[in-house]
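*Asks:* Okay, so here is coords07.txt, and as you'll see once you scroll down, it has compact mmCIF, C-alpha atoms.
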```txt
# COMPACT_ATOMS: atom_id res chain seq x y z
CA MET A 1 8.89 -20.45 65.10
CA ALA A 2 10.24 -23.97 65.66
CA THR A 3 10.23 -26.11 62.55
CA ARG A 4 10.43 -29.78 61.69
CA ILE A 5 11.55 -29.35 58.10
CA VAL A 6 13.38 -26.71 56.04
CA TYR A 7 12.85 -26.48 52.28
CA THR A 8 15.61 -24.44 50.67
CA ASP A 9 16.55 -23.12 47.28
CA LEU A 10 20.22 -23.57 46.41
CA ASP A 11 21.73 -21.04 44.00
CA GLY A 12 21.73 -17.50 45.33
CA THR A 13 20.20 -18.73 48.58
CA MET A 14 22.00 -21.55 50.39
CA VAL A 15 25.10 -21.20 48.22
CA GLY A 16 26.76 -18.03 46.98
CA PRO A 17 28.90 -17.04 43.99
CA ARG A 18 29.70 -19.95 41.67
CA GLY A 19 27.78 -22.28 43.95
CA SER A 20 30.18 -21.88 46.87
CA PHE A 21 28.93 -22.68 50.36
CA TRP A 22 31.93 -20.86 51.85
CA HIS A 23 31.77 -17.45 50.15
CA THR A 24 29.68 -14.36 50.81
CA ALA A 25 28.02 -12.33 48.07
CA ASP A 26 31.16 -10.17 47.85
CA ARG A 27 33.34 -13.32 47.70
CA GLY A 28 34.71 -13.14 51.23
CA LEU A 29 35.09 -16.37 53.19
CA THR A 30 32.57 -17.26 55.89
CA PRO A 31 31.88 -20.27 58.14
CA THR A 32 28.36 -19.04 59.01
CA PRO A 33 26.33 -21.19 56.56
CA ALA A 34 28.17 -24.34 57.66
CA GLU A 35 27.55 -23.52 61.33
CA ALA A 36 23.84 -23.04 60.63
CA LEU A 37 23.69 -26.32 58.70
CA LEU A 38 25.28 -28.13 61.63
CA ALA A 39 22.77 -26.57 64.02
CA LEU A 40 19.92 -27.63 61.74
CA HIS A 41 21.03 -31.24 61.68
CA ARG A 42 21.64 -31.28 65.43
CA SER A 43 18.10 -29.99 65.99
CA GLY A 44 16.64 -33.01 64.22
CA ALA A 45 14.87 -30.91 61.58
CA ALA A 46 14.91 -32.32 58.05
CA LEU A 47 16.53 -30.49 55.13
CA VAL A 48 15.07 -30.69 51.62
CA LEU A 49 16.72 -29.01 48.63
CA VAL A 50 14.35 -27.24 46.22
CA SER A 51 15.82 -26.03 42.96
CA GLY A 52 15.61 -25.61 39.22
CA ARG A 53 18.50 -28.04 38.96
CA THR A 54 17.96 -31.54 37.62
CA HIS A 55 17.40 -34.60 39.79
CA ALA A 56 20.96 -35.84 39.17
CA GLN A 57 22.46 -32.49 40.11
CA LEU A 58 20.42 -32.27 43.31
CA LEU A 59 21.16 -35.86 44.26
CA GLU A 60 24.87 -35.08 44.55
CA ALA A 61 24.20 -31.84 46.44
CA ALA A 62 21.82 -33.66 48.80
CA ARG A 63 24.61 -36.07 49.71
CA ILE A 64 27.05 -33.24 50.41
CA PHE A 65 24.62 -31.31 52.62
CA ALA A 66 23.07 -34.46 54.19
CA ALA A 67 19.62 -33.47 52.92
CA ASP A 68 16.65 -35.73 53.57
CA GLY A 69 15.18 -35.22 50.09
CA ALA A 70 15.09 -33.01 47.03
CA ILE A 71 12.63 -31.26 44.73
CA SER A 72 14.11 -30.66 41.30
CA GLU A 73 13.20 -28.83 38.09
CA LEU A 74 11.31 -26.07 39.90
CA GLY A 75 8.88 -28.48 41.54
CA SER A 76 8.36 -31.19 38.96
CA LEU A 77 10.20 -34.10 40.55
CA VAL A 78 10.11 -35.00 44.26
CA SER A 79 12.69 -37.51 45.49
CA TRP A 80 13.55 -39.15 48.79
CA ALA A 81 15.33 -42.22 50.21
CA GLY A 82 18.62 -41.04 48.77
CA GLY A 83 17.03 -40.43 45.38
CA ARG A 84 15.85 -44.03 45.01
CA GLU A 85 12.19 -43.02 45.31
CA THR A 86 10.76 -40.35 43.01
CA HIS A 87 7.43 -38.86 42.01
CA LEU A 88 6.94 -36.81 38.81
CA LEU A 89 4.39 -33.97 38.92
CA THR A 90 3.17 -32.96 35.46
CA GLY A 91 0.69 -30.22 36.36
CA GLU A 92 -1.73 -29.30 33.58
CA LEU A 93 -0.10 -31.46 30.91
CA PRO A 94 -3.06 -32.33 28.63
CA ALA A 95 -4.59 -35.76 29.17
CA GLU A 96 -3.77 -36.73 25.57
CA PHE A 97 -0.09 -36.71 26.56
CA ALA A 98 -0.52 -38.76 29.75
CA GLY A 99 2.41 -41.05 30.46
CA ARG A 100 4.90 -38.80 28.67
CA THR A 101 7.29 -36.24 30.10
CA PRO A 102 6.50 -32.58 29.43
CA MET A 103 9.90 -32.11 27.77
CA ALA A 104 9.18 -34.90 25.29
CA VAL A 105 5.86 -33.28 24.43
CA MET A 106 7.40 -29.81 24.01
CA ALA A 107 10.09 -31.24 21.75
CA GLU A 108 7.53 -32.98 19.55
CA LEU A 109 5.46 -29.80 19.23
CA GLY A 110 8.50 -27.62 18.54
CA VAL A 111 7.50 -25.16 21.26
CA VAL A 112 11.00 -24.03 22.28
CA ASP A 113 12.27 -23.64 18.72
CA GLN A 114 9.34 -21.41 17.85
CA LEU A 115 9.63 -19.42 21.06
CA VAL A 116 13.34 -18.72 20.56
CA ALA A 117 12.73 -17.78 16.91
CA ALA A 118 10.07 -15.30 18.03
CA HIS A 119 12.58 -13.58 20.34
CA PRO A 120 15.84 -13.34 18.36
CA GLY A 121 18.80 -12.37 20.51
CA ARG A 122 16.67 -12.31 23.64
CA LEU A 123 16.19 -16.00 24.45
CA GLU A 124 18.32 -19.14 24.16
CA TRP A 125 18.89 -22.50 25.82
CA HIS A 126 20.63 -22.17 29.19
CA GLU A 127 23.39 -24.50 28.11
CA PRO A 128 25.04 -26.63 29.28
CA TRP A 129 22.60 -26.92 32.22
CA HIS A 130 19.49 -27.44 30.06
CA THR A 131 20.20 -31.09 29.33
CA ALA A 132 18.58 -34.02 31.20
CA HIS A 133 15.45 -32.09 32.17
CA SER A 134 12.22 -34.07 32.10
CA ALA A 135 9.55 -31.49 32.88
CA ASP A 136 10.90 -28.03 32.05
CA ALA A 137 12.81 -26.35 29.24
CA LEU A 138 15.64 -24.33 30.81
CA LEU A 139 16.21 -21.05 28.96
CA ARG A 140 18.02 -17.75 29.54
CA GLY A 141 17.66 -14.21 28.26
CA ARG A 142 15.46 -11.20 28.89
CA VAL A 143 11.78 -11.36 27.95
CA ASP A 144 8.42 -10.39 29.42
CA ALA A 145 7.21 -13.66 30.95
CA ALA A 146 3.57 -12.52 30.96
CA ALA A 147 3.78 -11.62 27.27
CA VAL A 148 5.28 -15.03 26.52
CA ASP A 149 2.38 -16.68 28.34
CA GLY A 150 0.02 -14.77 26.06
CA TRP A 151 2.02 -15.89 23.01
CA LEU A 152 1.74 -19.50 24.17
CA ALA A 153 -2.02 -19.23 24.70
CA GLU A 154 -2.52 -17.82 21.19
CA ARG A 155 -0.95 -20.99 19.78
CA GLY A 156 -2.99 -23.41 21.84
CA TRP A 157 -0.23 -23.99 24.37
CA GLY A 158 -1.89 -22.19 27.25
CA TRP A 159 -1.18 -25.18 29.47
CA LEU A 160 2.45 -23.99 29.48
CA THR A 161 3.90 -21.01 31.37
CA LEU A 162 7.27 -19.27 31.55
CA ASN A 163 8.63 -18.98 35.10
CA ASP A 164 11.33 -16.42 35.94
CA ASN A 165 13.95 -18.01 38.23
CA GLY A 166 16.08 -14.90 38.70
CA ALA A 167 19.15 -13.24 37.19
CA VAL A 168 22.49 -14.89 36.45
CA PRO A 169 25.84 -13.32 35.51
CA ALA A 170 26.56 -12.90 31.80
CA THR A 171 29.33 -15.12 30.41
CA PRO A 172 31.22 -15.27 27.10
CA ARG A 173 29.38 -18.46 26.09
CA MET A 174 26.10 -16.55 25.78
CA THR A 175 24.97 -15.38 22.33
CA LEU A 176 22.31 -12.97 23.57
CA ALA A 177 21.94 -9.38 22.38
CA ALA A 178 23.45 -6.65 24.55
CA ASP A 179 20.04 -5.41 25.70
CA ALA A 180 19.20 -8.91 26.98
CA LEU A 181 22.09 -8.83 29.47
CA PRO A 182 22.42 -9.56 32.29
CA PRO A 183 20.05 -12.45 31.58
CA HIS A 184 17.44 -14.18 33.68
CA VAL A 185 16.93 -17.93 33.82
CA TYR A 186 13.48 -19.13 32.72
CA HIS A 187 11.70 -22.45 33.10
CA LEU A 188 9.11 -23.23 30.41
CA MET A 189 6.85 -25.84 31.95
CA PRO A 190 3.24 -26.95 32.41
CA ARG A 191 1.05 -24.80 34.61
CA GLY A 192 0.30 -26.33 37.98
CA ILE A 193 3.92 -27.26 38.58
CA SER A 194 5.53 -25.14 41.27
CA LYS A 195 7.88 -25.42 44.20
CA GLY A 196 4.90 -24.79 46.48
CA ASN A 197 2.75 -27.57 45.07
CA ALA A 198 5.68 -29.97 45.28
CA ILE A 199 6.28 -29.02 48.92
CA SER A 200 2.61 -29.61 49.73
CA TRP A 201 2.80 -33.05 48.11
CA ASP A 202 5.98 -33.89 50.04
CA LEU A 203 4.56 -32.68 53.35
CA ALA A 204 1.47 -34.84 52.88
CA ARG A 205 3.70 -37.82 52.12
CA ARG A 206 5.57 -37.18 55.37
CA GLY A 207 2.40 -36.65 57.42
CA LEU A 208 3.35 -33.04 58.16
CA THR A 209 1.53 -29.73 57.72
CA ALA A 210 2.51 -26.28 56.48
CA GLU A 211 3.00 -25.11 60.06
CA ASP A 212 5.76 -27.67 60.47
CA ALA A 213 7.73 -26.19 57.59
CA VAL A 214 9.89 -23.20 56.68
CA ALA A 215 11.20 -22.32 53.23
CA VAL A 216 14.13 -20.14 52.13
CA GLY A 217 14.61 -18.68 48.66
CA ASP A 218 15.74 -15.70 46.61
CA SER A 219 13.68 -15.49 43.41
CA VAL A 220 10.17 -14.85 42.13
CA SER A 221 9.61 -18.59 41.68
CA ASP A 222 10.47 -19.08 45.35
CA LEU A 223 7.50 -16.95 46.39
CA GLU A 224 5.33 -19.86 45.28
CA MET A 225 6.60 -21.77 48.31
CA ALA A 226 4.90 -19.34 50.71
CA PRO A 227 1.38 -20.90 50.75
CA ALA A 228 2.85 -24.33 51.45
CA VAL A 229 4.84 -23.37 54.57
CA GLY A 230 4.43 -21.47 57.82
CA ARG A 231 7.16 -18.95 57.01
CA LEU A 232 9.04 -18.05 53.84
CA TRP A 233 12.39 -16.34 54.18
CA VAL A 234 13.83 -14.41 51.22
CA THR A 235 17.53 -13.59 51.30
CA ALA A 236 18.53 -9.92 51.02
CA ASN A 237 19.96 -10.34 47.52
CA GLY A 238 16.63 -11.66 46.27
CA ALA A 239 14.63 -8.93 47.98
CA ALA A 240 16.82 -6.29 46.30
CA VAL A 241 15.86 -7.38 42.78
CA SER A 242 13.77 -4.79 40.93
CA GLY A 243 10.04 -5.36 41.45
CA MET A 244 10.53 -7.91 44.24
CA GLY A 245 9.47 -5.49 46.96
CA ASP A 246 5.94 -5.17 45.62
CA ARG A 247 5.66 -8.95 45.24
CA LEU A 248 6.86 -9.51 48.80
CA ALA A 249 4.33 -7.04 50.15
CA ALA A 250 1.60 -9.36 48.90
CA VAL A 251 3.00 -12.39 50.77
CA PRO A 252 1.87 -12.18 54.41
CA ASN A 253 4.14 -14.92 55.78
CA ALA A 254 7.34 -13.72 54.06
CA ALA A 255 10.33 -12.20 55.83
CA VAL A 256 13.59 -10.80 54.45
CA THR A 257 17.00 -11.59 55.91
CA ASP A 258 19.53 -8.91 56.76
CA ALA A 259 22.34 -10.58 54.83
CA ALA A 260 22.62 -11.95 51.31
CA MET A 261 23.00 -15.51 50.04
CA GLY A 262 24.59 -18.00 52.45
CA GLU A 263 24.82 -15.65 55.42
CA GLY A 264 21.17 -14.68 54.96
CA TRP A 265 20.27 -18.36 54.61
CA ALA A 266 22.02 -19.03 57.92
CA GLN A 267 20.00 -16.27 59.60
CA ALA A 268 16.76 -17.78 58.31
CA VAL A 269 17.67 -21.28 59.46
CA LEU A 270 18.80 -20.28 62.94
CA ALA A 271 15.69 -18.11 63.44
CA SER A 272 13.54 -21.12 62.57
CA LEU A 273 15.06 -23.74 64.86
```
Spit out the file's structure as structure tokens when you get a sec.

*Replies:*
Amino acid sequence: MATRIVYTDLDGTMVGPRGSFWHTADRGLTPTPAEALLALHRSGAALVLVSGRTHAQLLEAARIFAADGAISELGSLVSWAGGRETHLLTGELPAEFAGRTPMAVMAELGVVDQLVAAHPGRLEWHEPWHTAHSADALLRGRVDAAAVDGWLAERGWGWLTLNDNGAVPATPRMTLAADALPPHVYHLMPRGISKGNAISWDLARRGLTAEDAVAVGDSVSDLEMAPAVGRLWVTANGAAVSGMGDRLAAVPNAAVTDAAMGEGWAQAVLASL
């Protein structure tokens, strides 16, 4: 299908190991992603980065890849015009906290401290990347996200949810227990915030529809983009994650690339132009 706009996840999707645009999943060099990016720009289609990264982190990446906009913190902040224009989406943040950022509210309530204490050795801040977030608490470890949602509801925090953003390599800086490795990255954030909802908001702002758009991702959180676009591509590395096959079977407009990470991203982009 031809597309007017491509919404893409970054880590594990558009970029490969250590955030490299030039390396394959097995760390070989490849020009394929760059060739696909050039073809995308030559086609006139817009590129929007969609990630769990902060606004500042995505702003720099958007400049490098000549993106037309960015959606940061897993769908909480939409930006355009080179990052000069932004819109914060707060989802189901209770009305009593209107005008405040979700992170400020979570800090005041002590939600993260209590959550980490309830899962010793299995959950910790995803430092140093957790700083400067406004809508989500960025954590890492190995927990049952559904069970955590139940724990939150029991304490009157049912307006929050824990989103699994996929696995990351273990590093010496982590203080997690051995059975919590390799860890996943989690975003604790208000319900109603998602990459898909942010895409829908951005498409409406642009005067476009879902049929004008394609999305590319690699994680469970990326599946939320499917209802907002005409086609969702999932890179091979994401589709290979345990349990992802069953989830993908329930997404009628999803397709899986043959290759992993950047090379798979290139396949998705070129098939969409």

*Asks:* For Leu176 (chain A), which of A:Val48, A:Leu162, A:Val234, A:Leu123 is the closest residue, counting all atoms listed in the file?

*Replies:*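 The shortest atom-to-atom distance to Leu176 (chain A) comes from A:Leu123.
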
*Asks:* Rank nothing, just name the residue among A:Gly158, A:Asp68, A:Ala62, A:Trp80 nearest to Pro94 (chain A), using only C-alpha atoms.

*Replies:* A:Gly158

*Asks:* Can you tell me, as a list of chain:residue names, which residues sit within 6 Å of (15.0, -30.9, 47.4) in the file's frame, using only C-alpha atoms?

*Replies:* A:Val48, A:Leu49, A:Val50, A:Gly69, A:Ala70, A:Ile71

*Asks:* With all atoms listed in the file as the atoms that count, which of A:Glu211, A:Asp218, A:Asp26, A:Glu224 lies nearest to Asn197 (chain A)?

*Replies:* A:Glu224

*Asks:* Identify, on the basis of only C-alpha atoms, every residue whose closest approach to Met244 (chain A) does not exceed 10 Å; exclude the query and any residue fewer than 6 positions from it along the same chain; express the result as a compact mmCIF listing (two decimals) with C-alpha atoms, in the coordinates of the input.

*Replies:*
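That gives us selection26.txt:
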```txt
# COMPACT_ATOMS: atom_id res chain seq x y z
CA ASP A 218 15.74 -15.70 46.61
CA SER A 219 13.68 -15.49 43.41
CA VAL A 220 10.17 -14.85 42.13
CA LEU A 223 7.50 -16.95 46.39
CA GLY A 238 16.63 -11.66 46.27
```

*Asks:* Of the candidates A:Thr3, A:Ser221, A:Ser194, A:Ser20, which shows the shortest atom-to-atom distance to Ala34 (chain A), using all atoms listed in the file?

*Replies:* A:Ser20

*Asks:* List the spatial neighbours of region 134-148 of chain A as a list of chain:residue names - criterion: any atom at most 7 Å away, only C-alpha atoms, same-chain residues fewer than 4 positions off excluded.

*Replies:*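 Non-adjacent residues within range: A:Glu73, A:Ser76, A:Thr101, A:Pro102, A:Met103, A:Arg122, A:Leu123, A:Glu124, A:Trp125, A:His126, A:His130, A:Leu152, A:Leu162, A:Asn163, A:Leu176, A:Ala180, A:Pro183, A:His184, A:Val185, A:Tyr186, A:His187, A:Leu188, A:Met189.
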
*Asks:* Just the number, please: distance in Å from CA of Asp258 (chain A) to CA of Gly16 (chain A), one decimal.

*Replies:* 15.2 Å

*Asks:* Rounded to one decimal, what separation in Å do you get between CA of Asn165 (chain A) and CA of Ser51 (chain A)?

*Replies:* 9.5 Å

*Asks:* Could you give me the centre and size, in Å to one decimal, of an axis-aligned box around all listed atoms of region 250-254 of chain A with 5 Å added on every side, as JSON?

*Replies:*
```
{"center_x": 4.5, "center_y": -12.1, "center_z": 52.3, "size_x": 15.7, "size_y": 15.6, "size_z": 16.9}
```
